[in-house]
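The block underneath contains the structure these notes are about, expressed in structure tokens.
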Amino acid sequence: MVPLQAGNGAQVQLLPDTLVDLLGLGGFGILGEIVAALIAAFIVGNIMLTMTAVAGPWAKRKITAAFTDRIAVNRVGPFGLLIIVADAVRLLSKELIVPDGVDRPAWDLAPIILPASALLGFAVIPMGNGIQLADPETGLVFAFAVASIASLSLVMGGYASNNKYSLLGGLRAVAQNIAYEIPLIVTAASVVIFTGTLQMSEIVAAQAEPLFSIAGVTIPSWFAFVNPFAFALFVLANLAEIGRNPFDIPEAPTEIVAGYQTEYSSVYFVLFYLGEFLHIFLGGALIATLFLGGPAGPVLPGFVWFVIKIWAVFLFTQWARSAVPRFRIDQLIEIGWKGMLVLSFANLVLTAIIVGVIAA
């Protein structure tokens, strides 16, 4: 296979191609490529699942405790890390309770679709050092398309549970995701106008050039620096998409118990919980790719910088969860349709004007 060419002339080697060469699978033709692709998907999937396993049971508690001046898990293993194993055993060993009257096919599928949609999104994310599964010309569209499948999972779980609180949570999730997904995509479109491409590696490559230098320090042309307004809009809309404060209305424990996941237990609850945190990391990966130069960074390997950036986004989401009060559902919808949508289109038009003037 021939390596792809990035916009700055650098070669982009995909992980399956690397594995074909490394494992000597080139002589097996299409079968060798399929095997390499499956191994690459297994590697990337396990990287993200491992980070999610650390983030959910352990890091979330530690970060929230630090923000609220409490003591988190510290007795199960060093620094409380074995709480990950303890929680896994505890939750997976619980009985899977199926309430009467559920729509069984939809009820079973909902917790599977949520994490699967997030994992699919990582297929086109450039993680640095040749760690990228695929790099189609419409990579950004693919990432948003598969991530939006999460809305289907939430409404399926809420409807199929035969519980009024679950149904309310599912309806809120759909209303929220529609209201904020449009501003999210429109804001991302402003990056596409700057770069002229939907290909993820090209978007990262476009941010490799220096923007300006101050006192000998070179500022890269990351779009967070080029267009900080778009960066702020995208981060806020992403908070709504992943359901973190002040946009955690679909779960709202004080109002509707736990929303769409109220009736789920055991492994199904684990899958919902897993999907939630995978989508947080997918949102962080999109923010890093579109606005923070992807895996770019000094001294450290690119993959390390990629991980640092998505964990920084995770830290921000946990800060919001601890510090920002929840909106009412009517306030949330009004902010989305009357505020974020208008601002995102204004940003798009202004970006198009600026790029048009520069190009002229």
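Ordering of the structure tokens sets the chain letters (A, B, ...); residue numbers start at 1 within each chain; ligands are numbered from 1 in the order shown.
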Which region 122-187 of chain A residues have any atom within 6 Å of an atom of region 245-264 of chain A, and for each, what is the nearest pair of atoms with distance in Å to one decimal, counting only C-alpha atoms, rows sorted by chain and number, as CSV?
residue,atom,partner,partner_atom,distance
A:Gly157,CA,A:Tyr260,CA,5.7
A:Gly158,CA,A:Tyr260,CA,4.2
A:Tyr165,CA,A:Ile256,CA,5.1
A:Ser166,CA,A:Tyr260,CA,4.1
A:Gly169,CA,A:Gly259,CA,4.0
A:Gly170,CA,A:Tyr260,CA,5.1
A:Arg172,CA,A:Pro250,CA,5.2
A:Ala173,CA,A:Pro250,CA,5.0
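For region 334-338 of chain A, the non-local neighbours within 12 Å, defined as residues at least 5 positions apart in the same chain or in other chains and counting only C-alpha atoms, are Ala175, Gln176, Asn177, Ile178, Ala179, Tyr180, Glu181, Ile182, Pro183, Leu184, Leu233, Leu236, Ala237, Asn238, Leu239, Ala240, Glu241, Pro246, Phe247, Phe327, Arg328, Ile329, Leu343, Ser344 and Phe345 of chain A.
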Length of the CA of Pro99 (chain A) to CA of Ala160 (chain A) vector [Å]: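 Between these atoms lies a distance of 10.2 Å.
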Interatomic distance, CA of Phe42 (chain A) to CA of Gln132 (chain A) (Å, one decimal):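 Interatomic distance here is 12.2 Å.
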Shell of 9 Å around Met156 (chain A), only C-alpha atoms, local chain residues under 4 positions omitted, as a list in words: Ala106, Trp107, Leu109, Ala110, Ser151, Leu152, Ala160, Ser161, Leu167, Gly170 and Tyr260 of chain A
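Every residue of region 204-275 of chain A with a DSSP assignment of strand (DSSP E), taken from the backbone, is listed as Pro210, Leu211, Phe212, Ser213, Ile214, Val217, Thr218, Ile219 and Pro220 of chain A.
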Keeping only N, CA, C and O atoms, write the selected residues to a file as a short mmCIF file (atom, residue, chain, number, x, y, z; two decimals), in the first residue's frame.
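Saved the output as result.cif:
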data_model
loop_
_atom_site.label_atom_id
_atom_site.label_comp_id
_atom_site.auth_asym_id
_atom_site.auth_seq_id
_atom_site.Cartn_x
_atom_site.Cartn_y
_atom_site.Cartn_z
N PRO A 210 3.58 27.41 11.58
CA PRO A 210 3.61 28.40 12.67
C PRO A 210 2.67 29.57 12.39
O PRO A 210 2.52 30.00 11.25
N LEU A 211 2.03 30.06 13.44
CA LEU A 211 1.11 31.19 13.31
C LEU A 211 1.87 32.51 13.50
O LEU A 211 1.81 33.39 12.66
N PHE A 212 2.58 32.62 14.61
CA PHE A 212 3.46 33.77 14.86
C PHE A 212 4.39 33.40 16.00
O PHE A 212 4.24 32.37 16.66
N SER A 213 5.38 34.24 16.24
CA SER A 213 6.35 33.99 17.31
C SER A 213 6.36 35.16 18.28
O SER A 213 6.26 36.33 17.87
N ILE A 214 6.46 34.84 19.58
CA ILE A 214 6.54 35.85 20.63
C ILE A 214 7.73 35.52 21.52
O ILE A 214 7.77 34.44 22.12
N VAL A 217 9.19 32.22 21.13
CA VAL A 217 8.28 31.09 21.27
C VAL A 217 7.32 31.08 20.07
O VAL A 217 6.61 32.06 19.83
N THR A 218 7.32 29.99 19.34
CA THR A 218 6.48 29.87 18.15
C THR A 218 5.10 29.33 18.52
O THR A 218 4.99 28.28 19.15
N ILE A 219 4.08 30.07 18.13
CA ILE A 219 2.70 29.65 18.36
C ILE A 219 2.22 28.93 17.10
O ILE A 219 2.23 29.51 16.02
N PRO A 220 1.80 27.68 17.23
CA PRO A 220 1.34 26.95 16.03
C PRO A 220 -0.01 27.47 15.57
O PRO A 220 -0.75 28.10 16.33
#
Residue set, region 99-205 of chain A restricted to helix (DSSP H, G or I), as number ranges by chain: A: 104-124, 139-147, 149-160, 164-195, 200-205
Nearest to Asn347 (chain A) by atom-to-atom distance, counting only C-alpha atoms, from A:Trp305, A:Leu282, A:Asn227, A:Gly275: A:Asn227
Separation of CA of Ala288 (chain A) from CA of Ala230 (chain A), in Å and rounded to one decimal: 13.3 Å
Surrounding residues of Leu49 (chain A) excluding itself and chain neighbours under 3 positions, 9 Å, only C-alpha atoms, as a VMD selection string: chain A and resid 44 to 46 52 to 54 119 274 278
Pull all heavy atoms from the residues just selected and write them as an mmCIF file, in the first residue's frame.
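Here's the written file out39.cif:
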data_model
loop_
_atom_site.group_PDB
_atom_site.id
_atom_site.type_symbol
_atom_site.label_atom_id
_atom_site.label_comp_id
_atom_site.auth_asym_id
_atom_site.auth_seq_id
_atom_site.Cartn_x
_atom_site.Cartn_y
_atom_site.Cartn_z
ATOM 1 N N VAL A 44 -6.510 -0.237 18.780
ATOM 2 C CA VAL A 44 -7.086 1.080 19.055
ATOM 3 C C VAL A 44 -8.275 0.967 19.999
ATOM 4 O O VAL A 44 -8.423 1.754 20.942
ATOM 5 C CB VAL A 44 -7.495 1.765 17.734
ATOM 6 C CG1 VAL A 44 -8.289 3.042 18.018
ATOM 7 C CG2 VAL A 44 -6.273 2.086 16.896
ATOM 8 N N GLY A 45 -9.125 -0.033 19.763
ATOM 9 C CA GLY A 45 -10.282 -0.229 20.629
ATOM 10 C C GLY A 45 -9.883 -0.478 22.071
ATOM 11 O O GLY A 45 -10.484 0.074 23.001
ATOM 12 N N ASN A 46 -8.866 -1.301 22.276
ATOM 13 C CA ASN A 46 -8.433 -1.598 23.639
ATOM 14 C C ASN A 46 -7.748 -0.417 24.308
ATOM 15 O O ASN A 46 -7.843 -0.255 25.527
ATOM 16 C CB ASN A 46 -7.504 -2.812 23.635
ATOM 17 C CG ASN A 46 -8.263 -4.116 23.692
ATOM 18 O OD1 ASN A 46 -8.660 -4.586 24.740
ATOM 19 N ND2 ASN A 46 -8.506 -4.695 22.516
ATOM 20 N N THR A 52 -11.031 4.420 29.229
ATOM 21 C CA THR A 52 -12.380 4.559 29.767
ATOM 22 C C THR A 52 -12.518 3.837 31.097
ATOM 23 O O THR A 52 -13.173 4.335 32.026
ATOM 24 C CB THR A 52 -13.403 4.008 28.760
ATOM 25 O OG1 THR A 52 -13.247 4.687 27.512
ATOM 26 C CG2 THR A 52 -14.819 4.210 29.260
ATOM 27 N N ALA A 53 -11.892 2.660 31.204
ATOM 28 C CA ALA A 53 -11.943 1.904 32.452
ATOM 29 C C ALA A 53 -11.274 2.666 33.594
ATOM 30 O O ALA A 53 -11.705 2.593 34.749
ATOM 31 C CB ALA A 53 -11.266 0.546 32.270
ATOM 32 N N VAL A 54 -10.218 3.413 33.277
ATOM 33 C CA VAL A 54 -9.560 4.235 34.295
ATOM 34 C C VAL A 54 -10.396 5.470 34.615
ATOM 35 O O VAL A 54 -10.535 5.867 35.774
ATOM 36 C CB VAL A 54 -8.146 4.644 33.818
ATOM 37 C CG1 VAL A 54 -7.507 5.631 34.795
ATOM 38 C CG2 VAL A 54 -7.260 3.411 33.658
ATOM 39 N N LEU A 119 -16.917 3.951 19.506
ATOM 40 C CA LEU A 119 -15.733 3.227 19.035
ATOM 41 C C LEU A 119 -15.555 3.378 17.527
ATOM 42 O O LEU A 119 -14.428 3.491 17.029
ATOM 43 C CB LEU A 119 -15.835 1.755 19.418
ATOM 44 C CG LEU A 119 -15.606 1.431 20.903
ATOM 45 C CD1 LEU A 119 -15.905 -0.031 21.172
ATOM 46 C CD2 LEU A 119 -14.172 1.764 21.319
ATOM 47 N N LEU A 274 -20.123 2.747 30.006
ATOM 48 C CA LEU A 274 -18.970 2.696 29.114
ATOM 49 C C LEU A 274 -19.175 3.604 27.913
ATOM 50 O O LEU A 274 -18.279 4.378 27.524
ATOM 51 C CB LEU A 274 -18.753 1.251 28.660
ATOM 52 C CG LEU A 274 -17.639 0.989 27.644
ATOM 53 C CD1 LEU A 274 -16.275 1.216 28.275
ATOM 54 C CD2 LEU A 274 -17.740 -0.435 27.099
ATOM 55 N N LEU A 278 -16.885 6.748 26.672
ATOM 56 C CA LEU A 278 -16.271 6.671 25.346
ATOM 57 C C LEU A 278 -16.638 7.892 24.507
ATOM 58 O O LEU A 278 -15.805 8.423 23.763
ATOM 59 C CB LEU A 278 -16.722 5.391 24.640
ATOM 60 C CG LEU A 278 -16.010 4.094 25.026
ATOM 61 C CD1 LEU A 278 -16.703 2.898 24.396
ATOM 62 C CD2 LEU A 278 -14.539 4.128 24.626
#
Shell around region 185-197 of chain A at 10 Å using only C-alpha atoms, local window under 3 positions removed, as a PDB file with C-alpha atoms, in the first residue's frame:
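Saved to part.pdb:
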ATOM      1  CA  GLY A   7      -1.424  18.604   3.044  1.00  0.00           C
ATOM      2  CA  GLU A 137     -11.640  11.957   2.320  1.00  0.00           C
ATOM      3  CA  THR A 138     -14.897  12.385   4.251  1.00  0.00           C
ATOM      4  CA  GLY A 139     -13.438  11.416   7.624  1.00  0.00           C
ATOM      5  CA  LEU A 140     -14.975  14.314   9.547  1.00  0.00           C
ATOM      6  CA  VAL A 141     -18.446  13.529   8.196  1.00  0.00           C
ATOM      7  CA  PHE A 144     -20.066  13.001  13.223  1.00  0.00           C
ATOM      8  CA  TYR A 180     -26.758  21.155  19.949  1.00  0.00           C
ATOM      9  CA  GLU A 181     -25.603  18.788  17.219  1.00  0.00           C
ATOM     10  CA  ILE A 182     -26.397  21.345  14.529  1.00  0.00           C
ATOM     11  CA  MET A 200      -8.756  14.264   9.231  1.00  0.00           C
ATOM     12  CA  SER A 201      -5.037  13.973   8.464  1.00  0.00           C
ATOM     13  CA  GLU A 202      -5.254  17.048   6.220  1.00  0.00           C
ATOM     14  CA  ILE A 203      -6.985  19.040   8.954  1.00  0.00           C
ATOM     15  CA  VAL A 204      -4.178  18.138  11.366  1.00  0.00           C
ATOM     16  CA  ALA A 205      -1.517  18.916   8.745  1.00  0.00           C
ATOM     17  CA  ALA A 206      -3.052  22.352   8.104  1.00  0.00           C
ATOM     18  CA  GLN A 207      -2.360  23.254  11.733  1.00  0.00           C
ATOM     19  CA  PHE A 223      -7.532  26.630  15.119  1.00  0.00           C
ATOM     20  CA  VAL A 226      -6.755  31.086  14.842  1.00  0.00           C
ATOM     21  CA  ASN A 227     -10.449  31.165  15.799  1.00  0.00           C
ATOM     22  CA  PHE A 229     -14.590  31.903  19.257  1.00  0.00           C
ATOM     23  CA  ALA A 230     -15.245  28.740  17.218  1.00  0.00           C
ATOM     24  CA  PHE A 231     -13.206  26.743  19.709  1.00  0.00           C
ATOM     25  CA  ALA A 232     -15.338  27.985  22.621  1.00  0.00           C
ATOM     26  CA  LEU A 233     -18.566  27.252  20.714  1.00  0.00           C
ATOM     27  CA  PHE A 234     -17.429  23.738  19.861  1.00  0.00           C
ATOM     28  CA  ALA A 237     -21.763  22.264  22.192  1.00  0.00           C
ATOM     29  CA  LEU A 286     -12.564  15.705  17.860  1.00  0.00           C
ATOM     30  CA  ILE A 287     -11.635  18.850  19.790  1.00  0.00           C
ATOM     31  CA  LEU A 290     -10.045  20.125  14.857  1.00  0.00           C
ATOM     32  CA  PHE A 291      -8.660  22.803  17.164  1.00  0.00           C
ATOM     33  CA  MET A 340     -25.716  28.476  19.992  1.00  0.00           C
ATOM     34  CA  LEU A 341     -27.318  27.990  16.580  1.00  0.00           C
ATOM     35  CA  LEU A 343     -23.691  32.128  17.000  1.00  0.00           C
ATOM     36  CA  SER A 344     -22.459  29.089  15.071  1.00  0.00           C
ATOM     37  CA  PHE A 345     -23.912  30.369  11.795  1.00  0.00           C
ATOM     38  CA  ALA A 346     -22.503  33.850  12.503  1.00  0.00           C
ATOM     39  CA  ASN A 347     -19.094  32.260  13.026  1.00  0.00           C
ATOM     40  CA  LEU A 348     -19.464  30.298   9.787  1.00  0.00           C
ATOM     41  CA  VAL A 349     -20.350  33.373   7.748  1.00  0.00           C
ATOM     42  CA  LEU A 350     -17.551  35.426   9.311  1.00  0.00           C
ATOM     43  CA  THR A 351     -15.053  32.652   8.629  1.00  0.00           C
ATOM     44  CA  ALA A 352     -16.173  32.401   5.009  1.00  0.00           C
ATOM     45  CA  ILE A 354     -12.275  36.173   6.145  1.00  0.00           C
ATOM     46  CA  VAL A 355     -11.121  33.212   4.058  1.00  0.00           C
ATOM     47  CA  GLY A 356     -12.643  34.784   0.946  1.00  0.00           C
TER      48      GLY A 356
END
8 Å contact set for Leu96 (chain A), only C-alpha atoms, chain neighbours under 4 positions out, as an mmCIF file with N, CA and C atoms, in the first residue's frame:
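Saved file out32.cif follows:
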data_model
loop_
_atom_site.group_PDB
_atom_site.id
_atom_site.type_symbol
_atom_site.label_atom_id
_atom_site.label_comp_id
_atom_site.auth_asym_id
_atom_site.auth_seq_id
_atom_site.Cartn_x
_atom_site.Cartn_y
_atom_site.Cartn_z
ATOM 1 N N TYR A 264 -32.006 -0.101 33.734
ATOM 2 C CA TYR A 264 -30.916 -0.982 33.329
ATOM 3 C C TYR A 264 -30.030 -1.344 34.512
ATOM 4 N N SER A 265 -29.582 -2.591 34.544
ATOM 5 C CA SER A 265 -28.713 -3.072 35.624
ATOM 6 C C SER A 265 -27.653 -3.998 35.049
ATOM 7 N N SER A 266 -26.740 -4.435 35.896
ATOM 8 C CA SER A 266 -25.718 -5.419 35.541
ATOM 9 C C SER A 266 -24.931 -4.992 34.294
ATOM 10 N N VAL A 267 -24.736 -5.909 33.363
ATOM 11 C CA VAL A 267 -23.873 -5.641 32.215
ATOM 12 C C VAL A 267 -24.454 -4.555 31.311
ATOM 13 N N TYR A 268 -25.785 -4.429 31.255
ATOM 14 C CA TYR A 268 -26.385 -3.398 30.418
ATOM 15 C C TYR A 268 -26.085 -1.998 30.974
#
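Using only C-alpha atoms, the nearest neighbour of Ala208 (chain A) within the list A:Pro115, A:Gly77, A:Pro298, A:Gly101 is A:Pro298.
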